[in-house]
Amino acid sequence: MNQSSIGLYIARKRREKNLTQEQLAGQLGVSNKTVSKWENGKCMPDYSIIQKLCDLLGVTLAELMDGKDAAEEKSHENTQILDLLRRTQELERQKNLSYGVILIVLGIACSALSGTVGGTNVQDFFSGILMGLSVAEILVGIGIIGKHMAGK
């Protein structure tokens, strides 16, 4: 699966349908910048809209993933490819959720550790750094988990 060839294929099929990036984006509920990123090979369409993209372009999912027209459509391949994309994106979300939890735990640990360091000016300085790190880790972890929850 080559993102560049897929992007060129999306652009070619969009032009064949006499659609602008903005028109295609409007029909899919995304921005024209998103369509541009697909066509430039910078990212791939989300699995939740990929079937609608195929329908609008008049191509099969297998053709889109290959970045070229195929002789015949095999519907079971479409289902398998769509399921694979869905699973891949779900695994990515779960990985991000794990990072968020790890950051929160590390933040709490740094916070607890900062309370044990103190006394001299140097120790107080390091205690402040640990406290700042703990707050930053917790906030980033909460942000990642929030983003994960919003994506569901």
# chains A, B, ... in the order shown; residues from 1 in each chain; ligands from 1

call {"tool": "residues_around", "arguments": {"residues": "Thr116 in chain A", "least_positions_apart": "6", "cutoff": "12 Å", "atoms": "only C-alpha atoms", "output": "list in words"}}
result
Ala109, Cys110, Gln123, Asp124, Phe126, Ser127, Gly128, Leu130 and Met131 of chain A

call {"tool": "closest_residue", "arguments": {"among": "A:Ile142, A:Ile81, A:Leu8, A:Ile104", "to": "Thr60 in chain A", "atoms": "only C-alpha atoms"}}
result
A:Ile81

call {"tool": "residues_around", "arguments": {"residues": "Ala25 in chain A", "least_positions_apart": "2", "cutoff": "12 Å", "atoms": "only C-alpha atoms", "output": "PyMOL selection string"}}
result
chain A and resi 14+19-23+27-39+45+49+52-53+56

call {"tool": "closest_residue", "arguments": {"among": "A:Leu133, A:Val140, A:Ile6, A:Val101", "to": "Ala62 in chain A", "atoms": "only C-alpha atoms"}}
result
A:Ile6

call {"tool": "select_by_dssp", "arguments": {"residues": "range 4-140 of chain A", "states": "helix (DSSP H, G or I)", "output": "PyMOL selection string"}}
result
chain A and resi 4-16+21-28+32-39+47-57+61-66+75-116+121-140

call {"tool": "residues_around", "arguments": {"residues": "Leu64 in chain A", "least_positions_apart": "5", "cutoff": "8 Å", "atoms": "only C-alpha atoms", "output": "list of chain:residue names"}}
result
A:Ile6, A:Tyr9, A:Ile10, A:Cys54, A:Val59, A:Asp69

call {"tool": "closest_residue", "arguments": {"among": "A:Gly58, A:Met44, A:Ser98, A:Ile129", "to": "Leu113 in chain A", "atoms": "only C-alpha atoms"}}
result
A:Ile129

call {"tool": "atom_distance", "arguments": {"atom1": "CA of Ser134 in chain A", "atom2": "CA of Leu106 in chain A"}}
result
7.0 Å

call {"tool": "closest_residue", "arguments": {"among": "A:Leu103, A:Ala11, A:Ile50, A:Met149", "to": "Asn78 in chain A", "atoms": "only C-alpha atoms"}}
result
A:Ile50

call {"tool": "atom_distance", "arguments": {"atom1": "CA of Glu92 in chain A", "atom2": "CA of His148 in chain A"}}
result
10.0 Å

call {"tool": "closest_residue", "arguments": {"among": "A:Glu63, A:Tyr47, A:Gly107, A:Leu57", "to": "Glu16 in chain A", "atoms": "only C-alpha atoms"}}
result
A:Leu57
